Amino acid sequence: MGPFSTPLVELHGVGPARSASLTERGLETLVDLLLLAPLRYDVPPPRRSIVDLAPKVPATLVGEVISARKVKQRRGGTFLDLTLSEGAERIRVCLWNRGWLKDRVQKGDRVAVSGTWAGNGSAFSGSAIEVVGESAEVLESWLSRLEPIHPKIPGVAEGTLRRLLTEALARVAGMPDPLPECHRVRLGLPTLTEALALVHQPSSREDAERGGARLLFDRLLSLALGARSASSKLEGPAIPMSVSEAVMERILARLPFKLTKEQNEAVSTILSDLAQPLAMRRLLLGDVGSGKTAVAVAAILAAVATRQQAMLIAPTDVLANQHATLLRTWLAGSRVRLGTMTSREPRAIRRSTAVALAKGEIDILVGTHVALGAEVAFQKLGLVVVDEQHRFGVLQRLAARGKAIRPHVLALSATPIPRSLALALFGDLPMTRIAARPHGRQTPKAIVSSLTVAYDALLAAVKQGNRAFVVFPTIASESTPSVEREGRLRAKSVLNGVRVGYLHGKLPYEEQAAALDAFRRGETDVLVATSMIEVGVDIPQATVMVVEGADRFGLASLHQLRGRVGRGALPGTVHLIPTPRPKGQPPRGDTDPAIVRLKLLERENDGFRLAEADLLMRGPGDWCGVRQHGFGGSLPLAEGRDLGFLDAAEQVASILHAERYDEDHIGWYSGLAERLGGLRFEPKDAV
């Protein structure tokens with residue numbers, strides 16, 4: 001990647017201490033630094049005269065420097081102490097921790113200073129200063145600028161970070177663009193180096209939007225190219241697994257319900273793939289409650305019927321064990337041998353399971369990512385089912401381990417993904433979608449509610465013998481609704497006398513499993529949890545859910561949570577409670593953006609339509625499951641791009657992949673994808 005890979009220690013002013021601070025933040029090369037997106041863009045406060053200053057109201061002063069000196073601070077460092085005049089008026093200005101500016105600001109200079117005044121004769125605390133001279137154009141340019149605010153890095157001041165970015169931009173200026181010019185011009189995008197400069201040093205909001213759009217496009221293109229690369233590695237010979245109609249009838253008879261038309265069509269499509277001598281690689285998309293698990297189990301049993309082994313991978317121990325429990329129930333009395341492998345199991349048990357797999361003494365293995373370890377070898381692995389898999393890391397790992405014969409792979413996703421984003425994430429991976437819900441299961445309702453209404457409904461449901469969930473966005477927090485703080489307050493007040501259990505990721509696994517089992521058996525009436533119950537939790541008796549701080553969740557997550565209630569004979573209702581406004585502020589109205597988003601759930605039950613709405617409102621960052629230090633979905637001015645932008649990235653990826661695009665350029669995008677985490681699968685066992 002040429003200059004992009006230059007270590008940051010080569011920049012001026014980056015010594016051992018500063019290098020350590022940058023490295024701790026994950027910044028080691030120029031590309032790491034340049035992908036550190038601004039959190040937001042601030043505009044300078046309006047210009048005011050000295051006599052018009054109001055206490056604690058941001059303002060910009062313009063005047064002549066009467067005196068300037070560098071002063072030591074009591075706790076170390078220095079500040080710039082100025083006396084500024086505006087006609088007959090004078091005021092003291094202090095720029096804290098900016099003593100180094102003394103060489104740039106001299107007596108007699110005409111400057112503009114932004115900051116605040118505390119009142120009562122105190123000094124004006126400046127946050128930014130510029131020597132503007134007598135030029136009206138220079139002053140106007142400075143007053144209309146956008147000021148990027150980057151994430152804070154301990155040991156690296158904002159001014160230092162901007163200086164390092166300026167040098168980094170200079171070093172990469174003129175670099176060849178990784179995106180072919182024909183595509184770039186057609187899409188109206190700037191070059192990569194131009195985009196980086198526009199994002200970090202914009203002269204207008206339009207500039208920042210143009211730069212952000214290019215970087216957002218590069219991110220989507222990196223994901224799409226990586227998906228194609230991974231899917232091509234999965235191609236290869238496989239053991240054809242064909243089963244007769246009579247065998248499939250016996251398999252389907254094992255299921256405790258009759259499959260829907262769409263489920264039967266999905267099974268037929270998958271069986272057709274399994275019968276081929278080329279490895280199947282299919283994505284099964286299904287909305288909440290559509291019955292993907294039943295389809296996957298039918299495919300697994302078909303593989304076992306042909307004397308092949310099958311593996312079902314889940315992202316968490318809780319979900320893996322739930323799958324294992326379900327399979328044991330459905331396979332009761334059969335000769336199918338089931339094994340499990342999770343990180344919570346002792347190493348000795350995992351080693352014993354691995355030996356049994358290698359000898360062919362286990363037909364179906366249910367596990368988490370530990371089952372993908374190099375020490376795990378199957379005798380005849382024919383099918384791998386990856387549940388809740390939104391990235392290609394697992395499939396890549398399987399491809400790397402594959403020999404001449406590769407297993408068939410079926411990836412499941414309950415998170416509704418718009419077609420355009422699915423193409424970007426999964427490339428040309430064939431997709432099968434199940435939209436209809438099983439017979440007799442009603443669609444749960446969602447209501448934007450208040451605390452009183454929501455908990456009254458919850459108590460009424462519990463009184464009738466049903467169960468309920470209460471969901472908070474965080475585990476422990478002083479400023480937002482949380483399980484540990486607010487949950488226990490609810491248990492002592494509105495839930496007084498109700499049997500309450502708690503489930504969140506900081507609990508030991510044994511306590512998580514015990515809490516879920518107690519709720520499933522009816523030993524607790526209400527389960528207070530985080531969004532870790534979003535997938536895989538099936539409690540038919542649960543009819544009510546209260547989600548506090550609902551505006552802090554994405555629409556897709558709320559839709560997934562909604563699918564946890566109403567899974568039995570009775571309908572389910574989810575009460576969505578927005579985060580209360582701070583004291584002194586008016587309550588949220590119907591036009592509040594948070595309320596507008598939540599109201600969509602009242603009107604729309606189709607998860608795929610909600611997915612597109614969430615994508616348009618929030619940008620694609622969260623969809624890719626990435627919280628990175630790079631630009632991603634966090635670009636403040638690039639999130640409004642429409643779905644056509646995703647289509648464009650997918651189309652360009654298809655062309656570049658087919659043309660076997662220049663390795664150096666592909667290297668940029670694969671390196672970018674690795675930094676964003678979009679192609680890696682490293683799940684935690686507890687969410």
# chains A, B, ... in the order shown; residues from 1 in each chain; ligands from 1

$ residues_around --residues "Met311 in chain A" --least-positions-apart "2" --cutoff "12 Å" --atoms "only C-alpha atoms" --output "JSON, numbers by chain"
{"A": [296, 297, 299, 300, 301, 303, 304, 308, 309, 313, 314, 320, 323, 324, 338, 339, 340, 341, 357, 362, 363, 364, 365, 366, 367, 368, 369, 371, 372, 376, 377, 378, 380, 381, 382, 383, 384, 385, 386, 387, 398, 407, 408, 409, 410, 411]}

$ closest_residue --among "A:Arg69, A:Arg110, A:Lys445, A:Arg467" --to "Ser85 in chain A" --atoms "only C-alpha atoms"
A:Arg110

$ residues_around --residues "Arg351 in chain A" --least-positions-apart "2" --cutoff "12 Å" --atoms "only C-alpha atoms" --output "PyMOL selection string"
chain A and resi 340-343+345-349+353-358+370-371+373+375-377

$ closest_atom_pairs --of "range 174-281 of chain A" --to "range 140-158 of chain A" --cutoff "9 Å" --atoms "only C-alpha atoms" --output "tab-separated table"
residue	atom	partner	partner_atom	distance
A:Val199	CA	A:Pro148	CA	8.1
A:His200	CA	A:Pro148	CA	6.4
A:Gln201	CA	A:Pro148	CA	7.3
A:Pro202	CA	A:Leu146	CA	6.2
A:Ser203	CA	A:Arg145	CA	5.4
A:Ser204	CA	A:Leu146	CA	6.2
A:Arg205	CA	A:Leu146	CA	7.0
A:Ala208	CA	A:Leu146	CA	8.7

$ write_last_selection --atoms "N, CA and C atoms" --output "PDB file, in the first residue's frame"
ATOM      1  N   VAL A 199     -12.331  15.052   4.228  1.00  0.00           N
ATOM      2  CA  VAL A 199     -12.905  14.621   5.500  1.00  0.00           C
ATOM      3  C   VAL A 199     -12.193  15.267   6.684  1.00  0.00           C
ATOM      4  N   HIS A 200     -10.869  15.314   6.607  1.00  0.00           N
ATOM      5  CA  HIS A 200     -10.101  15.817   7.747  1.00  0.00           C
ATOM      6  C   HIS A 200      -9.893  17.328   7.731  1.00  0.00           C
ATOM      7  N   GLN A 201      -9.965  17.940   6.543  1.00  0.00           N
ATOM      8  CA  GLN A 201      -9.738  19.381   6.448  1.00  0.00           C
ATOM      9  C   GLN A 201     -10.775  20.016   5.515  1.00  0.00           C
ATOM     10  N   PRO A 202     -12.050  19.870   5.834  1.00  0.00           N
ATOM     11  CA  PRO A 202     -13.083  20.399   4.934  1.00  0.00           C
ATOM     12  C   PRO A 202     -13.179  21.918   5.016  1.00  0.00           C
ATOM     13  N   SER A 203     -13.451  22.534   3.893  1.00  0.00           N
ATOM     14  CA  SER A 203     -13.695  23.975   3.900  1.00  0.00           C
ATOM     15  C   SER A 203     -15.188  24.280   3.916  1.00  0.00           C
ATOM     16  N   SER A 204     -16.008  23.239   3.720  1.00  0.00           N
ATOM     17  CA  SER A 204     -17.460  23.414   3.742  1.00  0.00           C
ATOM     18  C   SER A 204     -18.113  22.075   4.048  1.00  0.00           C
ATOM     19  N   ARG A 205     -19.372  22.143   4.391  1.00  0.00           N
ATOM     20  CA  ARG A 205     -20.125  20.915   4.654  1.00  0.00           C
ATOM     21  C   ARG A 205     -20.196  20.048   3.395  1.00  0.00           C
ATOM     22  N   ALA A 208     -17.033  17.975   3.056  1.00  0.00           N
ATOM     23  CA  ALA A 208     -17.003  16.837   3.971  1.00  0.00           C
ATOM     24  C   ALA A 208     -17.939  15.730   3.489  1.00  0.00           C
TER      25      ALA A 208
END

$ closest_residue --among "A:Pro237, A:Pro587, A:Pro578, A:Gly505" --to "Phe553 in chain A" --atoms "only C-alpha atoms"
A:Pro578

$ atom_distance --atom1 "CA of Ser19 in chain A" --atom2 "CA of Thr191 in chain A"
29.0 Å

$ atom_distance --atom1 "CA of Gly549 in chain A" --atom2 "CA of Ile577 in chain A"
5.8 Å

$ closest_residue --among "A:Gly291, A:Glu130, A:Val528, A:Pro481" --to "Arg567 in chain A" --atoms "only C-alpha atoms"
A:Gly291

$ select_by_dssp --residues "range 48-260 of chain A" --states "helix (DSSP H, G or I)" --output "NGL selection string"
:A and (50-52 or 99-103 or 136-143 or 158-172 or 181-187 or 192-200 or 205-233 or 245-253)
